[in-house]
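A.B. asks: Provided herewith is a single structure, encoded as structure tokens, for subsequent inquiry.
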Amino acid sequence: SRSVMNGFSHGSQSKQPHFVLVPLMAQGHTIPMIDMAHLLANHGALVTFVTTPLNASRIESIIQHAKDSQLPIQFLPLPFNCAKAGLPEGSENLDNLRTGLQEFTAFMEVCFLNKDPLISYLREHKTPPSCVISDVTQPWTGEVARVFGIPRLVFMPISAFTSLCGDITSLHKIYDNVPDENEPVPIPGFPHPLEVPKNQSILSFSAPGFEKIGAKMIEENSKSVGVIVSSFQELESLYVDSYEKFLEKKVWAIGPMCLQNKDLKQMASRGNKASIDEERCLNWLDSMQNASVLFVNFGSLARSVPLQLMEIGLGLEASRKPFIWVIKAGDKMPEIEQWLIEEKFEERVKDRCLIIRGWAPQVMILSHRAIGGFLTHCGWNSTIESICNSVPMITWPHFGDQFLNEIFIVDVLKIGVRIGVDKSIVWGSENSDEVMVRRDDVERKVLELMDEEEGLQRRVRARELGDKAKKAMEEGGSSYKNIELLIQLVQERMLSKDYEK
Ligand code: UDP
């Protein structure tokens with residue numbers, strides 16, 4: 001419609017570059033890319049953001065906000081043909097996959113079907129595309145870029161530290177001759193000694209039948225002109241530089257992108273509609289002392305079994321610290337509700353606890369002065385959101401890149417304490433009898449993190465990093481400059497018609 005196209009109409013004759021953004025439909029991947037779309041648009045570029053009908057409906061208020069602000073972002077919902085890969089209708093986001101990793105490969109196959117519809121759409125668009133930025137898991141977009149003779153940039157929704165370690169792991173197949181999954185294996189060529197056992201590596205998120213797609217990913221990523229990491233230079237310059245050398249191509253750190261959400265409404269509606277009224281949440285936080293509240297949330301994918309949730313709750317209760325605890329819709333089993341209500345957990349802690357059932361306005365919460373700690377699963381977005389807001393962490397990795405993020409948080413940045421898990425969970429095949437962490441350990445770690453004296457150095461470092469994060473995104477900061485430079489580069493390529501690498 002005209003209103004949707006509004007932002008494009010005045011730019012069609014100009015040299016405004018047109019970025020096509022293709023995320024992986026998973027909260028941890030789409031959320032930062034939506035931020036990226038806003039950043040590029042705020043810096044003067046046109047953006048087409050590929051989504052699906054169901055995902056678009058979840059971010060309705062963000063789409064509306066972009067329209068109302070006349071931002072040149074167009075959200076393009078392409079059909080997601082679940083049935084073609086034998087997936088149940090509505091499996092349009094990783095957090096909808098009932099069996100987790102079991103359905104991952106089929107999900108990825110559906111993503112590949114978007115290639116032709118996207119090409120047809122772009123052919124008809126009055127402003128030709130000038131650059132594709134797509135998630136590392138979406139290699140089919142390489143072909144889209146070639147059809148239009150434009151560059152593709154790969155988006156890594158993680159840090160350079162973890163990207164480098166992960167890429168070395170796959171390149172050198174370091175676990176091939178190591179039968180024991182718990183044996184620490186050195187990461188060759190890493191800028192300093194680092195050993196990681198297989199079950200704490202990125203391979204802990206390997207899906208059955210994924211080999212072909214995995215190989216395609218590696219092949220297409222090597223053809224890309226550069227890589228964008230969701231990070232900032234001052235946080236990890238050693239790893240950004242080393243990753244650049246390793247890839248022999250430019251690595252762009254343009255984050256922390258979550259900082260582009262300036263107003264509370266925007267913060268509160270990231271990824272999904274929050275399941276708690278913002279006002280209620282803010283009023284509760286306002287009533288709490290500075291840095292006194294622990295925030296507990298495990299991201300969009302990790303699923304905690306009831307026994308484990310109860311141990312967490314009892315540990316939090318025993319710590320006597322105020323807390324906000326997010327229990328996801330998927331975790332919201334009758335057993336847990338019964339325990340919360342009939343066994344009176346919620347009643348016992350009601351004067352110092354807020355339980356959020358479903359989707360929490362995480363960035364809004366983390367940015368509140370009352371938050372003093374974050375018990376996190378170490379998803380990279382959660383990690384960087386915590387860093388931006390100078391909040392130290394208790395690290396409880398579950399799978400995938402999360403153990404590497406834990407090493408980065410605790411050993412490199414020194415702004416966290418480990419809860420003490422040493423092996424990953426297979427996503428979607430969680431063992432309902434298995435408790436990874438006992439209530440006593442939860443209590444002990446909460447007290448350790450929140451302790452004023454013991455935690456002082458951690459808080460000082462977290463404060464410094466938060467300041468650096470904000471500076472990076474401000475005018476003249478490193479990420480700000482990188483975004484400008486990226487747009488300029490694409491513009492020059494567009495002007496000179498020099499699309500080749
Ligand atoms: N998130 C949120 N509310 C929730 C759960 C998650 O806003 O209740 C957001 C969170 O702020 C982050 C993203 O969802 O931006 C989760 O990404 P992350 O990389 O931390 O973890 P993943 O979900 O990919 O495991």
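Labels used: A, B, ... for chains in the order of the structure tokens, numbers from 1 for residues in each chain, and numbers from 1 for ligands as shown.
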Contacts of A:Asn283 at 12 Å or less, counting only C-alpha atoms, minus same-chain residues fewer than 3 places along, as a list in words?
C.D. replies: Ile276, Asp277, Glu278, Glu279, Arg280, Asp286, Ser287, Met288, Leu354, Ile365, His368 and Ala370 of chain A
A.B. asks: All residues within 8 Å of ligand 1 are required, counting only C-alpha atoms and all ligand atoms; please report them as a PyMOL selection string.
C.D. replies: chain A and resi 26-29+31-32+157-158+258+268-272+274+297-302+326+328+358-363+377-383+385
A.B. asks: Residues of stretch 99-229 of chain A classed as helix (DSSP H, G or I) by DSSP on the backbone are to be reported as a ChimeraX atom specification.
C.D. replies: /A:100-112,115-124,141-148,160-171,198-200,202-205,211-223
A.B. asks: Could you please take those selected residues and save C-alpha atoms as a PDB file, in the first residue's frame?
C.D. replies:
ATOM      1  CA  GLY A 100      13.101 -28.385  19.478  1.00  0.00           C
ATOM      2  CA  LEU A 101      16.220 -29.592  17.677  1.00  0.00           C
ATOM      3  CA  GLN A 102      14.318 -32.537  16.134  1.00  0.00           C
ATOM      4  CA  GLU A 103      12.418 -30.130  13.893  1.00  0.00           C
ATOM      5  CA  PHE A 104      15.243 -27.687  13.296  1.00  0.00           C
ATOM      6  CA  THR A 105      16.423 -29.035   9.940  1.00  0.00           C
ATOM      7  CA  ALA A 106      12.876 -29.111   8.522  1.00  0.00           C
ATOM      8  CA  PHE A 107      12.410 -25.541   9.735  1.00  0.00           C
ATOM      9  CA  MET A 108      15.558 -24.491   7.902  1.00  0.00           C
ATOM     10  CA  GLU A 109      14.351 -26.195   4.720  1.00  0.00           C
ATOM     11  CA  VAL A 110      11.223 -24.035   4.795  1.00  0.00           C
ATOM     12  CA  CYS A 111      13.382 -20.915   5.111  1.00  0.00           C
ATOM     13  CA  PHE A 112      15.156 -21.882   1.868  1.00  0.00           C
ATOM     14  CA  LYS A 115      14.459 -17.544  -2.220  1.00  0.00           C
ATOM     15  CA  ASP A 116      12.229 -17.266  -5.317  1.00  0.00           C
ATOM     16  CA  PRO A 117       9.480 -15.176  -3.687  1.00  0.00           C
ATOM     17  CA  LEU A 118      12.093 -12.738  -2.393  1.00  0.00           C
ATOM     18  CA  ILE A 119      13.762 -12.464  -5.805  1.00  0.00           C
ATOM     19  CA  SER A 120      10.399 -11.811  -7.522  1.00  0.00           C
ATOM     20  CA  TYR A 121       9.502  -9.212  -4.954  1.00  0.00           C
ATOM     21  CA  LEU A 122      12.792  -7.376  -5.321  1.00  0.00           C
ATOM     22  CA  ARG A 123      12.585  -7.472  -9.137  1.00  0.00           C
ATOM     23  CA  GLU A 124       9.314  -5.576  -8.961  1.00  0.00           C
ATOM     24  CA  THR A 141      20.420 -15.415   0.448  1.00  0.00           C
ATOM     25  CA  GLY A 142      23.867 -15.585  -1.183  1.00  0.00           C
ATOM     26  CA  GLU A 143      22.137 -16.524  -4.416  1.00  0.00           C
ATOM     27  CA  VAL A 144      19.645 -13.689  -4.038  1.00  0.00           C
ATOM     28  CA  ALA A 145      22.560 -11.269  -3.781  1.00  0.00           C
ATOM     29  CA  ARG A 146      24.200 -12.745  -6.895  1.00  0.00           C
ATOM     30  CA  VAL A 147      20.993 -12.444  -8.929  1.00  0.00           C
ATOM     31  CA  PHE A 148      21.088  -8.698  -8.328  1.00  0.00           C
ATOM     32  CA  ALA A 160      33.403 -11.897  17.853  1.00  0.00           C
ATOM     33  CA  PHE A 161      34.855 -14.022  20.698  1.00  0.00           C
ATOM     34  CA  THR A 162      32.238 -16.716  20.174  1.00  0.00           C
ATOM     35  CA  SER A 163      32.112 -16.387  16.371  1.00  0.00           C
ATOM     36  CA  LEU A 164      35.868 -16.879  16.120  1.00  0.00           C
ATOM     37  CA  CYS A 165      35.878 -19.834  18.478  1.00  0.00           C
ATOM     38  CA  GLY A 166      32.917 -21.404  16.677  1.00  0.00           C
ATOM     39  CA  ASP A 167      34.426 -20.959  13.216  1.00  0.00           C
ATOM     40  CA  ILE A 168      37.763 -22.447  14.317  1.00  0.00           C
ATOM     41  CA  THR A 169      35.892 -25.386  15.817  1.00  0.00           C
ATOM     42  CA  SER A 170      34.162 -26.201  12.530  1.00  0.00           C
ATOM     43  CA  LEU A 171      37.123 -25.441  10.271  1.00  0.00           C
ATOM     44  CA  LYS A 198      32.494 -30.706  22.943  1.00  0.00           C
ATOM     45  CA  ASN A 199      29.427 -30.619  25.141  1.00  0.00           C
ATOM     46  CA  GLN A 200      30.069 -26.969  25.936  1.00  0.00           C
ATOM     47  CA  ILE A 202      28.537 -24.558  19.694  1.00  0.00           C
ATOM     48  CA  LEU A 203      28.101 -28.148  18.508  1.00  0.00           C
ATOM     49  CA  SER A 204      25.813 -28.716  21.489  1.00  0.00           C
ATOM     50  CA  PHE A 205      23.167 -27.231  19.212  1.00  0.00           C
ATOM     51  CA  GLU A 211      25.042 -31.558   7.573  1.00  0.00           C
ATOM     52  CA  LYS A 212      24.041 -30.437   4.070  1.00  0.00           C
ATOM     53  CA  ILE A 213      22.735 -27.080   5.228  1.00  0.00           C
ATOM     54  CA  GLY A 214      25.765 -26.668   7.481  1.00  0.00           C
ATOM     55  CA  ALA A 215      28.103 -27.192   4.527  1.00  0.00           C
ATOM     56  CA  LYS A 216      26.120 -24.706   2.432  1.00  0.00           C
ATOM     57  CA  MET A 217      26.418 -22.187   5.258  1.00  0.00           C
ATOM     58  CA  ILE A 218      30.197 -22.468   5.318  1.00  0.00           C
ATOM     59  CA  GLU A 219      30.414 -22.239   1.525  1.00  0.00           C
ATOM     60  CA  GLU A 220      28.186 -19.168   1.241  1.00  0.00           C
ATOM     61  CA  ASN A 221      29.668 -17.413   4.232  1.00  0.00           C
ATOM     62  CA  SER A 222      33.091 -17.661   2.626  1.00  0.00           C
ATOM     63  CA  LYS A 223      31.703 -15.833  -0.422  1.00  0.00           C
TER      64      LYS A 223
END
A.B. asks: Just to confirm, what's the straight-line distance from atom CA of A:Ala253 to atom CA of A:Val240 in Å (one decimal)?
C.D. replies: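 Computing it gives 7.7 Å between the two atoms.
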A.B. asks: Please provide the set of residues having any atom within 10 Å of A:Leu316, restricted to only C-alpha atoms, with same-chain residues fewer than 2 positions apart removed, written as a ChimeraX atom specification.
C.D. replies: /A:294,296,310-314,318-325,349,353,439-447
A.B. asks: Can you write just those residues out, N, CA and C atoms, as a CSV table (one decimal), in the first residue's frame?
C.D. replies:
chain,number,residue,atom,x,y,z
A,294,LEU,N,17.1,-8.9,41.7
A,294,LEU,CA,17.7,-9.9,40.8
A,294,LEU,C,16.7,-10.1,39.7
A,296,VAL,N,15.5,-12.7,36.7
A,296,VAL,CA,15.8,-14.1,36.3
A,296,VAL,C,15.0,-14.4,35.0
A,310,MET,N,11.1,-25.4,40.3
A,310,MET,CA,10.9,-25.3,41.7
A,310,MET,C,12.2,-25.1,42.5
A,311,GLU,N,13.2,-25.8,42.1
A,311,GLU,CA,14.5,-25.6,42.8
A,311,GLU,C,15.0,-24.1,42.7
A,312,ILE,N,14.8,-23.6,41.5
A,312,ILE,CA,15.1,-22.2,41.3
A,312,ILE,C,14.3,-21.3,42.2
A,313,GLY,N,13.0,-21.5,42.3
A,313,GLY,CA,12.1,-20.7,43.1
A,313,GLY,C,12.5,-20.8,44.6
A,314,LEU,N,12.8,-22.0,45.0
A,314,LEU,CA,13.1,-22.2,46.4
A,314,LEU,C,14.5,-21.6,46.8
A,318,ALA,N,15.0,-18.5,49.4
A,318,ALA,CA,15.9,-18.6,50.6
A,318,ALA,C,16.9,-17.5,50.6
A,319,SER,N,17.2,-16.9,49.4
A,319,SER,CA,18.2,-15.8,49.4
A,319,SER,C,17.7,-14.5,50.0
A,320,ARG,N,16.4,-14.4,50.1
A,320,ARG,CA,15.7,-13.3,50.7
A,320,ARG,C,15.9,-12.0,49.9
A,321,LYS,N,16.4,-12.1,48.7
A,321,LYS,CA,16.6,-10.9,47.9
A,321,LYS,C,15.3,-10.7,47.1
A,322,PRO,N,15.0,-9.4,46.7
A,322,PRO,CA,13.9,-9.2,45.8
A,322,PRO,C,14.2,-9.7,44.4
A,323,PHE,N,13.2,-10.2,43.7
A,323,PHE,CA,13.5,-10.7,42.3
A,323,PHE,C,12.3,-10.6,41.4
A,324,ILE,N,12.6,-10.5,40.1
A,324,ILE,CA,11.6,-10.7,39.1
A,324,ILE,C,11.9,-12.0,38.4
A,325,TRP,N,10.9,-12.9,38.3
A,325,TRP,CA,11.2,-14.2,37.8
A,325,TRP,C,10.3,-14.4,36.6
A,349,VAL,N,6.3,-15.1,48.9
A,349,VAL,CA,7.3,-14.2,48.5
A,349,VAL,C,6.7,-12.9,47.9
A,353,CYS,N,8.7,-10.1,45.3
A,353,CYS,CA,8.8,-10.8,44.0
A,353,CYS,C,7.8,-10.5,43.1
A,439,ARG,N,18.7,-25.9,44.9
A,439,ARG,CA,18.3,-24.7,45.5
A,439,ARG,C,19.4,-24.0,46.3
A,440,ASP,N,20.2,-24.8,47.0
A,440,ASP,CA,21.3,-24.2,47.8
A,440,ASP,C,22.3,-23.5,47.0
A,441,ASP,N,22.6,-24.0,45.8
A,441,ASP,CA,23.5,-23.3,44.9
A,441,ASP,C,22.9,-22.1,44.3
A,442,VAL,N,21.6,-22.1,44.0
A,442,VAL,CA,21.0,-20.9,43.6
A,442,VAL,C,21.1,-19.8,44.7
A,443,GLU,N,20.8,-20.2,45.9
A,443,GLU,CA,20.8,-19.2,47.0
A,443,GLU,C,22.2,-18.7,47.2
A,444,ARG,N,23.2,-19.6,47.2
A,444,ARG,CA,24.6,-19.2,47.4
A,444,ARG,C,25.1,-18.2,46.4
A,445,LYS,N,24.7,-18.5,45.1
A,445,LYS,CA,25.2,-17.6,44.0
A,445,LYS,C,24.5,-16.3,44.0
A,446,VAL,N,23.2,-16.3,44.3
A,446,VAL,CA,22.5,-15.0,44.4
A,446,VAL,C,23.1,-14.1,45.5
A,447,LEU,N,23.4,-14.7,46.6
A,447,LEU,CA,24.0,-13.9,47.7
A,447,LEU,C,25.4,-13.4,47.3
A.B. asks: Which residue, A:Ser424, A:Leu413, A:Ser230, A:Glu195, has the smallest gap to A:Ser479 when you use only C-alpha atoms?
C.D. replies: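 Smallest separation from A:Ser479 among the options: A:Ser230.
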A.B. asks: Quick one: pick out all strand (DSSP E) residues within stretch 60-278 of chain A from a backbone DSSP run and write them as a ChimeraX atom specification.
C.D. replies: /A:73-77,131-135,152-156,185-186,195-196,226-229,250-253
A.B. asks: Kindly export the residues of the current selection with N, CA and C atoms, as an mmCIF file, in the first residue's frame.
C.D. replies:
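The resulting file, part_14.cif, is reproduced below:
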data_model
loop_
_atom_site.group_PDB
_atom_site.id
_atom_site.type_symbol
_atom_site.label_atom_id
_atom_site.label_comp_id
_atom_site.auth_asym_id
_atom_site.auth_seq_id
_atom_site.Cartn_x
_atom_site.Cartn_y
_atom_site.Cartn_z
ATOM 1 N N ILE A 73 11.432 1.821 6.482
ATOM 2 C CA ILE A 73 11.578 0.368 6.660
ATOM 3 C C ILE A 73 10.303 -0.280 6.165
ATOM 4 N N GLN A 74 10.464 -1.240 5.275
ATOM 5 C CA GLN A 74 9.299 -2.002 4.878
ATOM 6 C C GLN A 74 9.414 -3.424 5.407
ATOM 7 N N PHE A 75 8.395 -3.860 6.121
ATOM 8 C CA PHE A 75 8.368 -5.236 6.609
ATOM 9 C C PHE A 75 7.681 -6.083 5.556
ATOM 10 N N LEU A 76 8.363 -7.124 5.122
ATOM 11 C CA LEU A 76 7.848 -7.956 4.026
ATOM 12 C C LEU A 76 7.540 -9.368 4.536
ATOM 13 N N PRO A 77 6.257 -9.654 4.799
ATOM 14 C CA PRO A 77 5.939 -11.011 5.259
ATOM 15 C C PRO A 77 5.852 -11.965 4.085
ATOM 16 N N CYS A 131 22.243 -4.154 -1.123
ATOM 17 C CA CYS A 131 23.033 -5.026 -0.244
ATOM 18 C C CYS A 131 22.102 -5.971 0.508
ATOM 19 N N VAL A 132 22.520 -7.228 0.629
ATOM 20 C CA VAL A 132 21.773 -8.179 1.455
ATOM 21 C C VAL A 132 22.540 -8.375 2.757
ATOM 22 N N ILE A 133 21.861 -8.216 3.874
ATOM 23 C CA ILE A 133 22.466 -8.600 5.156
ATOM 24 C C ILE A 133 21.599 -9.726 5.693
ATOM 25 N N SER A 134 22.195 -10.906 5.844
ATOM 26 C CA SER A 134 21.358 -12.025 6.273
ATOM 27 C C SER A 134 22.038 -12.827 7.360
ATOM 28 N N ASP A 135 21.195 -13.473 8.131
ATOM 29 C CA ASP A 135 21.672 -14.287 9.239
ATOM 30 C C ASP A 135 22.632 -15.361 8.739
ATOM 31 N N ARG A 152 26.673 -9.541 -0.275
ATOM 32 C CA ARG A 152 25.983 -10.083 0.905
ATOM 33 C C ARG A 152 26.904 -9.947 2.104
ATOM 34 N N LEU A 153 26.348 -9.451 3.172
ATOM 35 C CA LEU A 153 27.055 -9.433 4.451
ATOM 36 C C LEU A 153 26.394 -10.458 5.360
ATOM 37 N N VAL A 154 27.221 -11.155 6.137
ATOM 38 C CA VAL A 154 26.690 -12.168 7.052
ATOM 39 C C VAL A 154 26.464 -11.537 8.417
ATOM 40 N N PHE A 155 25.313 -11.784 9.002
ATOM 41 C CA PHE A 155 25.064 -11.302 10.355
ATOM 42 C C PHE A 155 25.262 -12.428 11.370
ATOM 43 N N MET A 156 26.216 -12.218 12.284
ATOM 44 C CA MET A 156 26.413 -13.146 13.396
ATOM 45 C C MET A 156 25.743 -12.512 14.616
ATOM 46 N N VAL A 185 39.229 -29.471 24.873
ATOM 47 C CA VAL A 185 40.068 -29.532 23.670
ATOM 48 C C VAL A 185 40.531 -28.107 23.333
ATOM 49 N N PRO A 186 41.847 -27.940 23.059
ATOM 50 C CA PRO A 186 42.334 -26.589 22.734
ATOM 51 C C PRO A 186 41.749 -26.065 21.427
ATOM 52 N N GLU A 195 40.434 -23.786 26.126
ATOM 53 C CA GLU A 195 40.047 -25.184 25.933
ATOM 54 C C GLU A 195 38.558 -25.323 26.186
ATOM 55 N N VAL A 196 37.901 -26.048 25.288
ATOM 56 C CA VAL A 196 36.451 -26.199 25.410
ATOM 57 C C VAL A 196 36.076 -27.657 25.129
ATOM 58 N N GLY A 226 31.697 -9.533 3.978
ATOM 59 C CA GLY A 226 32.058 -9.138 5.338
ATOM 60 C C GLY A 226 31.069 -9.701 6.332
ATOM 61 N N VAL A 227 31.377 -9.485 7.600
ATOM 62 C CA VAL A 227 30.570 -10.055 8.671
ATOM 63 C C VAL A 227 30.201 -8.952 9.661
ATOM 64 N N ILE A 228 28.952 -8.971 10.099
ATOM 65 C CA ILE A 228 28.525 -8.031 11.140
ATOM 66 C C ILE A 228 28.378 -8.802 12.441
ATOM 67 N N VAL A 229 29.021 -8.320 13.493
ATOM 68 C CA VAL A 229 28.824 -8.960 14.799
ATOM 69 C C VAL A 229 28.020 -8.024 15.696
ATOM 70 N N LYS A 250 36.409 -7.931 6.329
ATOM 71 C CA LYS A 250 36.023 -6.935 7.316
ATOM 72 C C LYS A 250 34.983 -7.491 8.302
ATOM 73 N N VAL A 251 35.216 -7.210 9.579
ATOM 74 C CA VAL A 251 34.231 -7.546 10.608
ATOM 75 C C VAL A 251 33.697 -6.230 11.177
ATOM 76 N N TRP A 252 32.414 -6.051 11.032
ATOM 77 C CA TRP A 252 31.778 -4.801 11.462
ATOM 78 C C TRP A 252 31.131 -4.991 12.827
ATOM 79 N N ALA A 253 31.596 -4.257 13.822
ATOM 80 C CA ALA A 253 30.909 -4.266 15.125
ATOM 81 C C ALA A 253 30.038 -3.020 15.164
#
A.B. asks: Give me, please, the distance in Å between atom CA of A:Gly416 and atom CA of A:Thr395, quoted to one decimal.
C.D. replies: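 Straight-line distance from atom CA of A:Gly416 to atom CA of A:Thr395 works out to 6.6 Å.
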A.B. asks: Let me make sure I understand: among A:Ile355, A:Glu492, A:Lys262, A:Leu194, which one has the smallest atom-to-atom distance to A:Val412 if we use only C-alpha atoms?
C.D. replies: A:Leu194
A.B. asks: Can you tell me which residues surround A:Gln64 at a distance of at most 12 Å, considering only C-alpha atoms, apart from same-chain residues fewer than 4 positions away, and format the answer as number ranges by chain?
C.D. replies: A: 3-4, 56-60, 68-71, 73-75, 266, 269
A.B. asks: Those residues you just picked out, can you put them in a file as an mmCIF file, in the first residue's frame with N, CA and C atoms?
C.D. replies:
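Result file follows (again.cif):
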data_model
loop_
_atom_site.group_PDB
_atom_site.id
_atom_site.type_symbol
_atom_site.label_atom_id
_atom_site.label_comp_id
_atom_site.auth_asym_id
_atom_site.auth_seq_id
_atom_site.Cartn_x
_atom_site.Cartn_y
_atom_site.Cartn_z
ATOM 1 N N SER A 3 0.936 3.782 1.976
ATOM 2 C CA SER A 3 1.506 4.192 3.253
ATOM 3 C C SER A 3 2.724 3.328 3.620
ATOM 4 N N VAL A 4 2.652 2.063 3.260
ATOM 5 C CA VAL A 4 3.788 1.190 3.552
ATOM 6 C C VAL A 4 5.015 1.635 2.764
ATOM 7 N N ALA A 56 5.254 -11.328 11.858
ATOM 8 C CA ALA A 56 4.855 -9.922 11.692
ATOM 9 C C ALA A 56 3.775 -9.566 12.707
ATOM 10 N N SER A 57 2.866 -10.515 12.967
ATOM 11 C CA SER A 57 1.786 -10.186 13.901
ATOM 12 C C SER A 57 2.319 -10.012 15.327
ATOM 13 N N ARG A 58 3.410 -10.684 15.635
ATOM 14 C CA ARG A 58 3.989 -10.525 16.974
ATOM 15 C C ARG A 58 4.614 -9.143 17.171
ATOM 16 N N ILE A 59 5.086 -8.569 16.075
ATOM 17 C CA ILE A 59 5.771 -7.273 16.215
ATOM 18 C C ILE A 59 4.939 -6.138 15.615
ATOM 19 N N GLU A 60 3.620 -6.354 15.647
ATOM 20 C CA GLU A 60 2.691 -5.369 15.085
ATOM 21 C C GLU A 60 2.990 -3.944 15.548
ATOM 22 N N ASP A 68 4.426 5.032 11.590
ATOM 23 C CA ASP A 68 4.048 6.336 12.151
ATOM 24 C C ASP A 68 5.218 7.310 12.133
ATOM 25 N N SER A 69 6.424 6.787 12.348
ATOM 26 C CA SER A 69 7.582 7.685 12.360
ATOM 27 C C SER A 69 8.147 7.907 10.959
ATOM 28 N N GLN A 70 7.428 7.387 9.940
ATOM 29 C CA GLN A 70 7.863 7.554 8.548
ATOM 30 C C GLN A 70 9.274 7.025 8.319
ATOM 31 N N LEU A 71 9.627 6.017 9.060
ATOM 32 C CA LEU A 71 10.948 5.421 8.846
ATOM 33 C C LEU A 71 10.911 4.617 7.553
ATOM 34 N N ILE A 73 11.432 1.821 6.482
ATOM 35 C CA ILE A 73 11.578 0.368 6.660
ATOM 36 C C ILE A 73 10.303 -0.280 6.165
ATOM 37 N N GLN A 74 10.464 -1.240 5.275
ATOM 38 C CA GLN A 74 9.299 -2.002 4.878
ATOM 39 C C GLN A 74 9.414 -3.424 5.407
ATOM 40 N N PHE A 75 8.395 -3.860 6.121
ATOM 41 C CA PHE A 75 8.368 -5.236 6.609
ATOM 42 C C PHE A 75 7.681 -6.083 5.556
ATOM 43 N N GLN A 266 8.933 1.309 23.062
ATOM 44 C CA GLN A 266 9.732 0.577 22.083
ATOM 45 C C GLN A 266 10.487 -0.561 22.784
ATOM 46 N N SER A 269 8.168 -3.539 23.761
ATOM 47 C CA SER A 269 7.490 -4.370 22.764
ATOM 48 C C SER A 269 8.467 -5.122 21.866
#
A.B. asks: Mind pulling up the distance from atom CA of A:His192 to atom CA of A:Glu234?
C.D. replies: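 Here the two named atoms are 18.1 Å from each other.
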A.B. asks: Might you pull out every residue within 12 Å of stretch 452-467 of chain A, with only C-alpha atoms counted and same-chain residues fewer than 2 positions away left off, and present them as a count of residues only?
C.D. replies: 50
